[in-house]
Amino acid sequence: MRASDLLHPRPEGLYCPPGDFFIDPVRPVNRALITHGHSDHARSGHGSVLATQQTLDIMGLRYGEDFAGTTQAAMLGETIAIDGVDVTFHPAGHVLGSAQIAVEHQGRRIVASGDYKRQKDATCAPFEPIRCDVFITEATFGLPVFRHPPDTEEIARLLKSAAQFPERSHLVGAYALGKAQRVMRLLRDAGYDKPLYIHGALAKLSAYYQSQGIDLGELEPATVESGGKQDFAGAIVVGPPSAFADRWARRFPDPISCFASGWMRIRQRAKQGGVELPLIISDHADWDELIVTIKQTGAEEIWVTHGREEALVRWCELEGIAARPLHLVGYEDEGD
Ligand SMILES: [Zn+2]
Ligand SMILES: [Zn+2]
């Protein structure tokens, strides 16, 4: 059996014919295996969903409890047989509950990694390299220009600015699932113990992270109903990036706009977005992590799902590793 007979792209997503399931389908299907809770990978309306318990919980929080016909929780490291195909979930280090999915049949193993990173992150289980014949990787930051600095350095810059401008508020744009909680946790690890103010869009997911044992410290709603503008002098406010463009952001005193994203490596991008304090904090692998990971899997073939596929494919070819882009559509950069 060729690898492409075990898994190949279809308009709905990556399809496994012998197991009759899809991985991270972008359209409703009968049987879906989901790597993680970001909305471009985890959609509602599937007949059945197999995912880690945390990913199922997150989908329930985002879409309501009836997001799928039936659900089944996959334990990390435990193999489940689906019509003779063995599937095993392994941690991906991307966001809480995120997993790579190993698909094994007739002695051939393909690992679909979903989104992943290798930087340490206290808010999720660390990525495990899995030996495989074919490794399916993302390439969100698949260009040598993308090298993410240590997240502790980026958080130190935020705290320095907060100390320097005690009369201003710092508005930190961070995606609602994963990035926001990671930023909060990094602030706590750096010793910041004042309340953090959060936009309502982060409340449910942050409470869920706390319920899973990830201590984010004291979180307060970022609303002015109970007080005045000056209550937020010196405050650090975390919200989804979209919220900073609307009226909500105007309630804070002389705010400094910050954005936590791998894209902040591109100065021009920060400037265009009106970001005064760009924080290069990404939940995706940078260039070095992509190539280290590819080598660690020992895969003789690499398939690239989404992102900057070309440079990574070329790098593989120069290394003597067969590679091709899958051109999957429907994946965005929600969690970058
Ligand atoms: Zn993605
Ligand atoms: Zn993601």
# chains A, B, ... in the order shown; residues from 1 in each chain; ligands from 1
>>> closest_atom_pairs(of="chain A", to="ligand 1", cutoff="9 Å", atoms="only C-alpha atoms and all ligand atoms", output="CSV")
residue,atom,partner,partner_atom_place_in_ligand_line,distance
A:His38,CA,ligand 1,1 (Zn),7.3
A:Ser39,CA,ligand 1,1 (Zn),8.8
A:Asp40,CA,ligand 1,1 (Zn),6.6
A:His41,CA,ligand 1,1 (Zn),6.5
A:Gly114,CA,ligand 1,1 (Zn),6.6
A:Asp115,CA,ligand 1,1 (Zn),5.3
A:Tyr116,CA,ligand 1,1 (Zn),8.8
A:Glu138,CA,ligand 1,1 (Zn),7.2
A:Thr140,CA,ligand 1,1 (Zn),7.6
A:His284,CA,ligand 1,1 (Zn),8.6
A:Thr305,CA,ligand 1,1 (Zn),8.9
A:His306,CA,ligand 1,1 (Zn),7.3
A:Gly307,CA,ligand 1,1 (Zn),8.4
A:Tyr331,CA,ligand 1,1 (Zn),5.3
A:Glu332,CA,ligand 1,1 (Zn),5.8
A:Asp333,CA,ligand 1,1 (Zn),5.7
A:Glu334,CA,ligand 1,1 (Zn),6.9
A:Gly335,CA,ligand 1,1 (Zn),7.0
A:Asp336,CA,ligand 1,1 (Zn),8.1
>>> write_last_selection(atoms="N, CA and C atoms", output="PDB file, in the first residue's frame")
ATOM      1  N   HIS A  38      -8.587  24.946  17.747  1.00  0.00           N
ATOM      2  CA  HIS A  38      -8.692  26.169  16.937  1.00  0.00           C
ATOM      3  C   HIS A  38      -9.771  25.990  15.881  1.00  0.00           C
ATOM      4  N   SER A  39     -10.493  27.071  15.627  1.00  0.00           N
ATOM      5  CA  SER A  39     -11.726  26.934  14.860  1.00  0.00           C
ATOM      6  C   SER A  39     -11.518  26.519  13.408  1.00  0.00           C
ATOM      7  N   ASP A  40     -10.302  26.721  12.871  1.00  0.00           N
ATOM      8  CA  ASP A  40     -10.091  26.274  11.485  1.00  0.00           C
ATOM      9  C   ASP A  40      -9.843  24.767  11.415  1.00  0.00           C
ATOM     10  N   HIS A  41      -9.472  24.156  12.516  1.00  0.00           N
ATOM     11  CA  HIS A  41      -9.236  22.702  12.547  1.00  0.00           C
ATOM     12  C   HIS A  41     -10.428  21.964  13.158  1.00  0.00           C
ATOM     13  N   GLY A 114      -0.931  18.344  12.828  1.00  0.00           N
ATOM     14  CA  GLY A 114      -1.797  19.509  13.102  1.00  0.00           C
ATOM     15  C   GLY A 114      -0.940  20.758  13.149  1.00  0.00           C
ATOM     16  N   ASP A 115      -1.107  21.586  14.172  1.00  0.00           N
ATOM     17  CA  ASP A 115      -0.193  22.703  14.417  1.00  0.00           C
ATOM     18  C   ASP A 115       0.664  22.312  15.615  1.00  0.00           C
ATOM     19  N   TYR A 116       1.911  22.760  15.639  1.00  0.00           N
ATOM     20  CA  TYR A 116       2.769  22.384  16.770  1.00  0.00           C
ATOM     21  C   TYR A 116       3.873  23.399  16.995  1.00  0.00           C
ATOM     22  N   GLU A 138       2.769  21.400   9.331  1.00  0.00           N
ATOM     23  CA  GLU A 138       2.341  22.729   8.947  1.00  0.00           C
ATOM     24  C   GLU A 138       3.582  23.521   8.532  1.00  0.00           C
ATOM     25  N   THR A 140       3.375  27.301   8.866  1.00  0.00           N
ATOM     26  CA  THR A 140       2.914  28.682   9.077  1.00  0.00           C
ATOM     27  C   THR A 140       4.089  29.659   9.031  1.00  0.00           C
ATOM     28  N   HIS A 284       3.289  28.388  17.041  1.00  0.00           N
ATOM     29  CA  HIS A 284       3.698  27.549  15.909  1.00  0.00           C
ATOM     30  C   HIS A 284       5.215  27.384  15.916  1.00  0.00           C
ATOM     31  N   THR A 305       1.047  20.811   4.966  1.00  0.00           N
ATOM     32  CA  THR A 305      -0.392  21.102   4.854  1.00  0.00           C
ATOM     33  C   THR A 305      -0.700  22.554   4.535  1.00  0.00           C
ATOM     34  N   HIS A 306      -0.184  23.477   5.334  1.00  0.00           N
ATOM     35  CA  HIS A 306      -0.563  24.876   5.116  1.00  0.00           C
ATOM     36  C   HIS A 306       0.530  25.803   5.608  1.00  0.00           C
ATOM     37  N   GLY A 307       0.522  27.001   5.089  1.00  0.00           N
ATOM     38  CA  GLY A 307       1.538  27.974   5.451  1.00  0.00           C
ATOM     39  C   GLY A 307       2.436  28.274   4.265  1.00  0.00           C
ATOM     40  N   TYR A 331      -7.398  26.306   6.247  1.00  0.00           N
ATOM     41  CA  TYR A 331      -6.684  26.542   7.494  1.00  0.00           C
ATOM     42  C   TYR A 331      -6.137  27.962   7.505  1.00  0.00           C
ATOM     43  N   GLU A 332      -6.450  28.674   8.572  1.00  0.00           N
ATOM     44  CA  GLU A 332      -5.960  30.038   8.690  1.00  0.00           C
ATOM     45  C   GLU A 332      -4.913  30.086   9.792  1.00  0.00           C
ATOM     46  N   ASP A 333      -4.641  31.272  10.258  1.00  0.00           N
ATOM     47  CA  ASP A 333      -3.600  31.408  11.262  1.00  0.00           C
ATOM     48  C   ASP A 333      -4.176  31.810  12.613  1.00  0.00           C
ATOM     49  N   GLU A 334      -5.304  31.244  12.955  1.00  0.00           N
ATOM     50  CA  GLU A 334      -5.967  31.726  14.161  1.00  0.00           C
ATOM     51  C   GLU A 334      -5.038  31.785  15.361  1.00  0.00           C
ATOM     52  N   GLY A 335      -4.309  30.713  15.552  1.00  0.00           N
ATOM     53  CA  GLY A 335      -3.515  30.642  16.783  1.00  0.00           C
ATOM     54  C   GLY A 335      -2.082  31.057  16.649  1.00  0.00           C
ATOM     55  N   ASP A 336      -1.766  31.914  15.729  1.00  0.00           N
ATOM     56  CA  ASP A 336      -0.349  32.175  15.469  1.00  0.00           C
ATOM     57  C   ASP A 336       0.345  32.878  16.622  1.00  0.00           C
TER      58      ASP A 336
END
>>> residues_around(residues="A:Lys117", least_positions_apart="6", cutoff="12 Å", atoms="only C-alpha atoms", output="ChimeraX atom specification")
/A:91-95,98-100,124-129,137-141,147-148,262,281-293,335-336
>>> select_by_dssp(residues="stretch 120-168 of chain A", states="helix (DSSP H, G or I)", output="number ranges by chain")
A: 151-164
>>> closest_atom_pairs(of="stretch 197-263 of chain A", to="stretch 57-80 of chain A", cutoff="12 Å", atoms="only C-alpha atoms", output="CSV")
residue,atom,partner,partner_atom,distance
A:Ala201,CA,A:Arg62,CA,10.4
A:Leu202,CA,A:Arg62,CA,11.0
A:Ala203,CA,A:Leu61,CA,10.8
A:Lys204,CA,A:Leu61,CA,7.2
A:Leu205,CA,A:Ile58,CA,7.4
A:Ser206,CA,A:Ile58,CA,10.7
A:Ala207,CA,A:Leu61,CA,10.7
A:Tyr208,CA,A:Ile58,CA,8.1
A:Tyr209,CA,A:Ile58,CA,9.7
A:Ser211,CA,A:Asp57,CA,11.3
A:Gln212,CA,A:Asp57,CA,10.7
>>> write_last_selection(atoms="N, CA, C and O atoms", output="JSON list (two decimals), in the first residue's frame")
[["chain", "number", "residue", "atom", "x", "y", "z"],
["A", 201, "ALA", "N", -14.51, 37.80, 25.84],
["A", 201, "ALA", "CA", -14.31, 36.69, 24.91],
["A", 201, "ALA", "C", -13.31, 35.66, 25.42],
["A", 201, "ALA", "O", -13.23, 34.55, 24.89],
["A", 202, "LEU", "N", -12.54, 36.03, 26.44],
["A", 202, "LEU", "CA", -11.53, 35.09, 26.97],
["A", 202, "LEU", "C", -12.01, 34.37, 28.22],
["A", 202, "LEU", "O", -11.32, 33.47, 28.72],
["A", 203, "ALA", "N", -13.15, 34.79, 28.75],
["A", 203, "ALA", "CA", -13.54, 34.35, 30.09],
["A", 203, "ALA", "C", -13.72, 32.83, 30.18],
["A", 203, "ALA", "O", -13.13, 32.17, 31.04],
["A", 204, "LYS", "N", -14.53, 32.27, 29.27],
["A", 204, "LYS", "CA", -14.86, 30.84, 29.38],
["A", 204, "LYS", "C", -13.61, 29.96, 29.20],
["A", 204, "LYS", "O", -13.39, 29.02, 29.96],
["A", 205, "LEU", "N", -12.82, 30.27, 28.18],
["A", 205, "LEU", "CA", -11.64, 29.44, 27.91],
["A", 205, "LEU", "C", -10.60, 29.58, 29.02],
["A", 205, "LEU", "O", -9.97, 28.61, 29.41],
["A", 206, "SER", "N", -10.46, 30.80, 29.55],
["A", 206, "SER", "CA", -9.48, 30.98, 30.63],
["A", 206, "SER", "C", -9.92, 30.24, 31.88],
["A", 206, "SER", "O", -9.10, 29.61, 32.56],
["A", 207, "ALA", "N", -11.23, 30.27, 32.16],
["A", 207, "ALA", "CA", -11.75, 29.52, 33.31],
["A", 207, "ALA", "C", -11.52, 28.03, 33.09],
["A", 207, "ALA", "O", -11.19, 27.29, 34.03],
["A", 208, "TYR", "N", -11.66, 27.58, 31.85],
["A", 208, "TYR", "CA", -11.44, 26.16, 31.57],
["A", 208, "TYR", "C", -9.97, 25.78, 31.80],
["A", 208, "TYR", "O", -9.67, 24.76, 32.41],
["A", 209, "TYR", "N", -9.06, 26.62, 31.31],
["A", 209, "TYR", "CA", -7.64, 26.36, 31.57],
["A", 209, "TYR", "C", -7.39, 26.25, 33.08],
["A", 209, "TYR", "O", -6.69, 25.35, 33.54],
["A", 211, "SER", "N", -9.46, 25.39, 35.35],
["A", 211, "SER", "CA", -10.07, 24.15, 35.85],
["A", 211, "SER", "C", -9.20, 22.94, 35.53],
["A", 211, "SER", "O", -9.32, 21.90, 36.17],
["A", 212, "GLN", "N", -8.34, 23.07, 34.53],
["A", 212, "GLN", "CA", -7.44, 21.98, 34.16],
["A", 212, "GLN", "C", -6.09, 22.08, 34.88],
["A", 212, "GLN", "O", -5.12, 21.43, 34.49]]
